[in-house]
Every structure is written in C-alpha cells, then in structure tokens.
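Peer 1: Below is one structure. I have some questions about it.
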Amino acid sequence: MVSIVGVRFKRNGKIYYFLPGQLKLALQDAVIVETARGVEFGTVVITDKDVDEEDLGSPLKEITRLATPEDFKKQEENKAAEKETFKICLKKIEQHKLPIKLVEVSYTFDVSKIIFYFTAEGRVDFRELVKDLASVFRTRIELRQIGVRDEAKIIGGIATCGRELCCNSVLSDFQPVSIRMAKKQNLSLNPAKISGVCGRLMCCLKYENFDEPAGPHKRKLNAEPELEADLDEFMDDDLILQEDDE
C-alpha cells in the first residue's frame with residue numbers, strides 16, 4: 001500500500017494524486033507540484049489515502065513543497081494576468097476574423113504555458129493566431145477547442161432547479177448520460193425539460209439511475225479524462241496546439 005494525497009487546481013476540477021514525500025499535509029493546504037502541464041499551484045482535498053501500487057499506473061510525482069506567501073502573491077498576479085490576456089486574445093481573434101468564442105485563459109504557475117479554451121462550430125485553422133499570441137507573450141501557447149458541456153462547466157450558471165450547475169459546483173468529471181435514463185425514471189422526453197443550459201441531457205439524470213449495474217470498474221489514478229473527440233494536433237518547438245471537439 002502507498003499513501004497518497006489528492007490535489008485540485010480548480011474548484012470544480014479533476015483531482016490529481018501525488019506522493020506526499022516527507023510533508024505532513026492537511027486538507028486545504030496550498031501546495032506547489034510538477035505536472036505534465038508544468039509547475040502548478042493547487043489545493044490538497046484528499047489526505048492519507050492508501051492505495052495498492054498496482055492501481056497507480058505510472059509512478060506518481062511527489063509534492064514539491066508547501067506554498068509560501070510569495071507563491072500566493074504570484075498566483076494572484078497570474079489570475080490578474082489571465083484577465084488581461086483574455087482581452088488581448090479577443091482582439092487578436094477579431095483581427096484574424098476567426099469564428100471562435102473564447103471561453104477561458106489559464107496560466108501555469110510558472111507561466112511556462114498559456115492555455116486558451118474556446119468553442120467553435122467546426123474545425124478552425126488557428127495556427128496564425130497561435131503564432132501571433134506566441135510573439136506577444138513569449139511563452140508556449142496552446143489553443144484547446146472544447147465542447148458545450150465543458151463551456152458550461154467553466155462559465156457556470158443556474159440550472160432549472162434553481163441551484164448552481166452541477167458541473168460547475170460539484171462534479172469533477174462528466175458521467176455518461178443517455179435518454180434511456182430519463183425513460184426509466186418516467187420523465188417527460190421533451191428536450192426542453194431534460195436538457196441543461198448547455199443543450200445536452202442534464203447530468204442529474206444520472207443521480208437516480210439505480211438500475212445500472214455498478215460492476216467492477218477501476219480507473220488508473222491521474223488518467224486523463226476522455227475527450228468527446230480528438231480532432232487534430234499540431235506541435236512545434238515553440239507552439240503546442242490541440243483541439244478537443246464535441
């Protein structure tokens with residue numbers, strides 16, 4: 001058995017697991033970790049979880065250190081910079097006349113990469129936009145196309161029940177939802193009544209779907225969530241572009 005801790009980088013984000021090393025960590029501790037994206041600032045949400053080594057998949061990295069007051073200050077500076085970067089990117093999108101909607105800008109803690117999340121009706125050739133952004137920010141740039149469910153998760157909103165969207169407040173990952181679940185619960189099949197603000201079937205249809213057999217299902221820790229489709233990937237020494245379509 002190995003003792004691990006869970007770290008979340010966004011309020012409603014996926015939980016990633018790390019080895020605590022020699023650190024004594026408590027819930028809500030702010031930590032600095034090394035991830036596939038780069039150095040990140042996260043919050044401990046699970047402590048002292050014992051798992052079998054065979055469930056780890058690839059070896060886990062150790063928590064680098066507890067966050068310092070200087071780290072908190074830098075994180076706040078990054079958040080402020082994301083807002084300004086968002087405005088700059090909107091202008092660049094308009095200059096390049098691209099049919100895309102910018103949803104969010106995310107900095108890694110060490111600013112080694114800036115990720116721009118956007119939606120679009122179909123495939124978009126945004127290579128010139130990426131080169132333009134790279135010349136402005138002088139760091140690695142990634143443009144990631146997301147689906148409508150992911151857009152709702154990022155932006156948030158109020159559902160028909162009057163509460164915050166589940167995807168934005170309590171769900172870390174999207175679960176498969178089908179029209180069959182609504183039929184089993186004798187719900188109206190009117191799309192307006194069983195669809196969320198994203199236009200897709202409401203996530204809460206899964207909550208009372210008791211007839212589904214649980215079955216043995218294990219997912220490797222830190223496995224990347226499955227994307228609805230992976231359209232295209234373009235890589236360069238200075239640029240990384242990736243599209244995730246619906």
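Note on naming: chains are A, B, ... as they come in the structure tokens, residues start from 1 per chain, ligands start from 1 in the order shown.
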Residues of range 5-98 of chain A within 6 Å of range 160-184 of chain A: nearest atom pair and distance (Å, one decimal) for each, counting only C-alpha atoms, sorted by chain and number, as a tab-separated table?

Peer 2:
```
residue	atom	partner	partner_atom	distance
A:Asn12	CA	A:Ser172	CA	5.5
A:Gly13	CA	A:Ser172	CA	5.2
A:Lys14	CA	A:Ser172	CA	4.8
```

Peer 1: Env of Thr47 in chain A: 8 Å cut, atoms = only C-alpha atoms, seq-sep filter 3 positions within chain, self excluded. Answer as a PDB file with N, CA, C and O atoms, in the first residue's frame.

Peer 2:
```
ATOM      1  N   ILE A   4      -1.116   8.393  -0.509  1.00  0.00           N
ATOM      2  CA  ILE A   4      -1.101   9.461  -1.498  1.00  0.00           C
ATOM      3  C   ILE A   4      -2.021  10.590  -1.050  1.00  0.00           C
ATOM      4  O   ILE A   4      -2.820  10.433  -0.116  1.00  0.00           O
ATOM      5  N   VAL A   5      -1.917  11.726  -1.716  1.00  0.00           N
ATOM      6  CA  VAL A   5      -2.806  12.855  -1.445  1.00  0.00           C
ATOM      7  C   VAL A   5      -3.415  13.326  -2.760  1.00  0.00           C
ATOM      8  O   VAL A   5      -2.812  13.182  -3.828  1.00  0.00           O
ATOM      9  N   GLY A   6      -4.620  13.874  -2.676  1.00  0.00           N
ATOM     10  CA  GLY A   6      -5.314  14.389  -3.858  1.00  0.00           C
ATOM     11  C   GLY A   6      -5.232  15.902  -3.907  1.00  0.00           C
ATOM     12  O   GLY A   6      -5.442  16.574  -2.888  1.00  0.00           O
ATOM     13  N   LEU A  25       0.733  16.931   5.395  1.00  0.00           N
ATOM     14  CA  LEU A  25      -0.249  17.790   4.733  1.00  0.00           C
ATOM     15  C   LEU A  25      -1.625  17.658   5.364  1.00  0.00           C
ATOM     16  O   LEU A  25      -2.017  16.572   5.811  1.00  0.00           O
ATOM     17  N   ALA A  26      -2.350  18.764   5.372  1.00  0.00           N
ATOM     18  CA  ALA A  26      -3.717  18.793   5.878  1.00  0.00           C
ATOM     19  C   ALA A  26      -4.637  19.271   4.763  1.00  0.00           C
ATOM     20  O   ALA A  26      -4.192  19.839   3.758  1.00  0.00           O
ATOM     21  N   LEU A  27      -5.921  19.037   4.938  1.00  0.00           N
ATOM     22  CA  LEU A  27      -6.901  19.498   3.954  1.00  0.00           C
ATOM     23  C   LEU A  27      -6.818  21.011   3.785  1.00  0.00           C
ATOM     24  O   LEU A  27      -6.623  21.748   4.750  1.00  0.00           O
ATOM     25  N   VAL A  44      -4.828  20.871  -1.498  1.00  0.00           N
ATOM     26  CA  VAL A  44      -4.997  19.484  -1.052  1.00  0.00           C
ATOM     27  C   VAL A  44      -6.454  19.262  -0.663  1.00  0.00           C
ATOM     28  O   VAL A  44      -6.995  19.982   0.177  1.00  0.00           O
TER      29      VAL A  44
END
```

Peer 1: Show which residues sit within 12 Å of Gly21 in chain A, as a list in words. Count only C-alpha atoms, and ignore same-chain residues fewer than 4 positions away.

Peer 2: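 Everything that qualifies: Val2, Ser3, Ile4, Val5, Leu25, Val33, Asp48, Leu60, Lys61, Glu62, Ile63, Thr64, Arg65 and Leu66 of chain A.
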
Peer 1: Selection from above, C-alpha atoms, as a PDB file, in the first residue's frame, can you write it?

Peer 2:
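For reference, result-v9.pdb as written:
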```
ATOM      1  CA  VAL A   2       1.083   3.539  -0.786  1.00  0.00           C
ATOM      2  CA  SER A   3      -0.132   6.708   0.940  1.00  0.00           C
ATOM      3  CA  ILE A   4      -1.101   9.461  -1.498  1.00  0.00           C
ATOM      4  CA  VAL A   5      -2.806  12.855  -1.445  1.00  0.00           C
ATOM      5  CA  LEU A  25      -0.249  17.790   4.733  1.00  0.00           C
ATOM      6  CA  VAL A  33       3.504  20.483  -7.725  1.00  0.00           C
ATOM      7  CA  ASP A  48      -3.615   9.972   3.653  1.00  0.00           C
ATOM      8  CA  LEU A  60       3.314   9.397  -9.093  1.00  0.00           C
ATOM      9  CA  LYS A  61       5.332  12.543  -8.540  1.00  0.00           C
ATOM     10  CA  GLU A  62       5.951  13.961  -5.108  1.00  0.00           C
ATOM     11  CA  ILE A  63       4.514  17.237  -3.857  1.00  0.00           C
ATOM     12  CA  THR A  64       7.276  19.786  -4.467  1.00  0.00           C
ATOM     13  CA  ARG A  65       6.594  21.917  -1.390  1.00  0.00           C
ATOM     14  CA  LEU A  66       4.023  23.827   0.590  1.00  0.00           C
TER      15      LEU A  66
END
```

Peer 1: Could you check which of A:Cys204, A:Arg37, A:Ala159, A:Ala81 is closest to Ile141 in chain A, using only C-alpha atoms?

Peer 2: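 Smallest separation from Ile141 in chain A among the options: A:Arg37.
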
Peer 1: Please compute the CA of Phe118 in chain A-CA of Val148 in chain A distance, one decimal, in Å.

Peer 2: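 Going from CA of Phe118 in chain A over to CA of Val148 in chain A, I get 9.8 Å.
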
Peer 1: Under the rule that only C-alpha atoms are counted, which of A:Leu187, A:Leu143, A:Ile93, A:Ile114 is the nearest residue to Gly38 in chain A?

Peer 2: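 For Gly38 in chain A, the nearest of the given residues is A:Ile114.
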
Peer 1: When you count only C-alpha atoms, which of these residues is closest to Ala67 in chain A: A:Val111, A:Lys101, A:Ala30, A:Val45?

Peer 2: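 Answer, going by the shortest atom-to-atom distance: A:Ala30.
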
Peer 1: Which residues are close to range 72-75 of chain A, i.e. within 10 Å by only C-alpha atoms, leaving aside same-chain residues fewer than 6 positions away? Reply as an MDAnalysis selection string.

Peer 2: chainID A and resid 30:31 40:41 81 107:110

Peer 1: Given the choices A:Glu104, A:Asp125, A:Ala36, A:Leu133, which gets closest to Ile146 in chain A if the distance is worked out from only C-alpha atoms?

Peer 2: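 Closest residue, counting only C-alpha atoms: A:Glu104.
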
Peer 1: Check the smallest atom-to-atom distance from each of A:Glu94, A:Cys89, A:Met1, A:Asp71 to Glu53 in chain A using only C-alpha atoms, then report the winner.

Peer 2: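 Result for the nearest residue to Glu53 in chain A: A:Met1.
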
Peer 1: Can you list, as a ChimeraX atom specification, every residue of range 39-235 of chain A that DSSP puts in helix (DSSP H, G or I)?

Peer 2: /A:53-55,69-96,127-137,148-155,166-169,179-184,191-194,203-206

Peer 1: Ranking A:Ile154, A:Val105, A:Ile194, A:Leu56 by minimum distance to Glu84 in chain A and counting only C-alpha atoms, which one comes first?

Peer 2: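 Closest residue, counting only C-alpha atoms: A:Val105.
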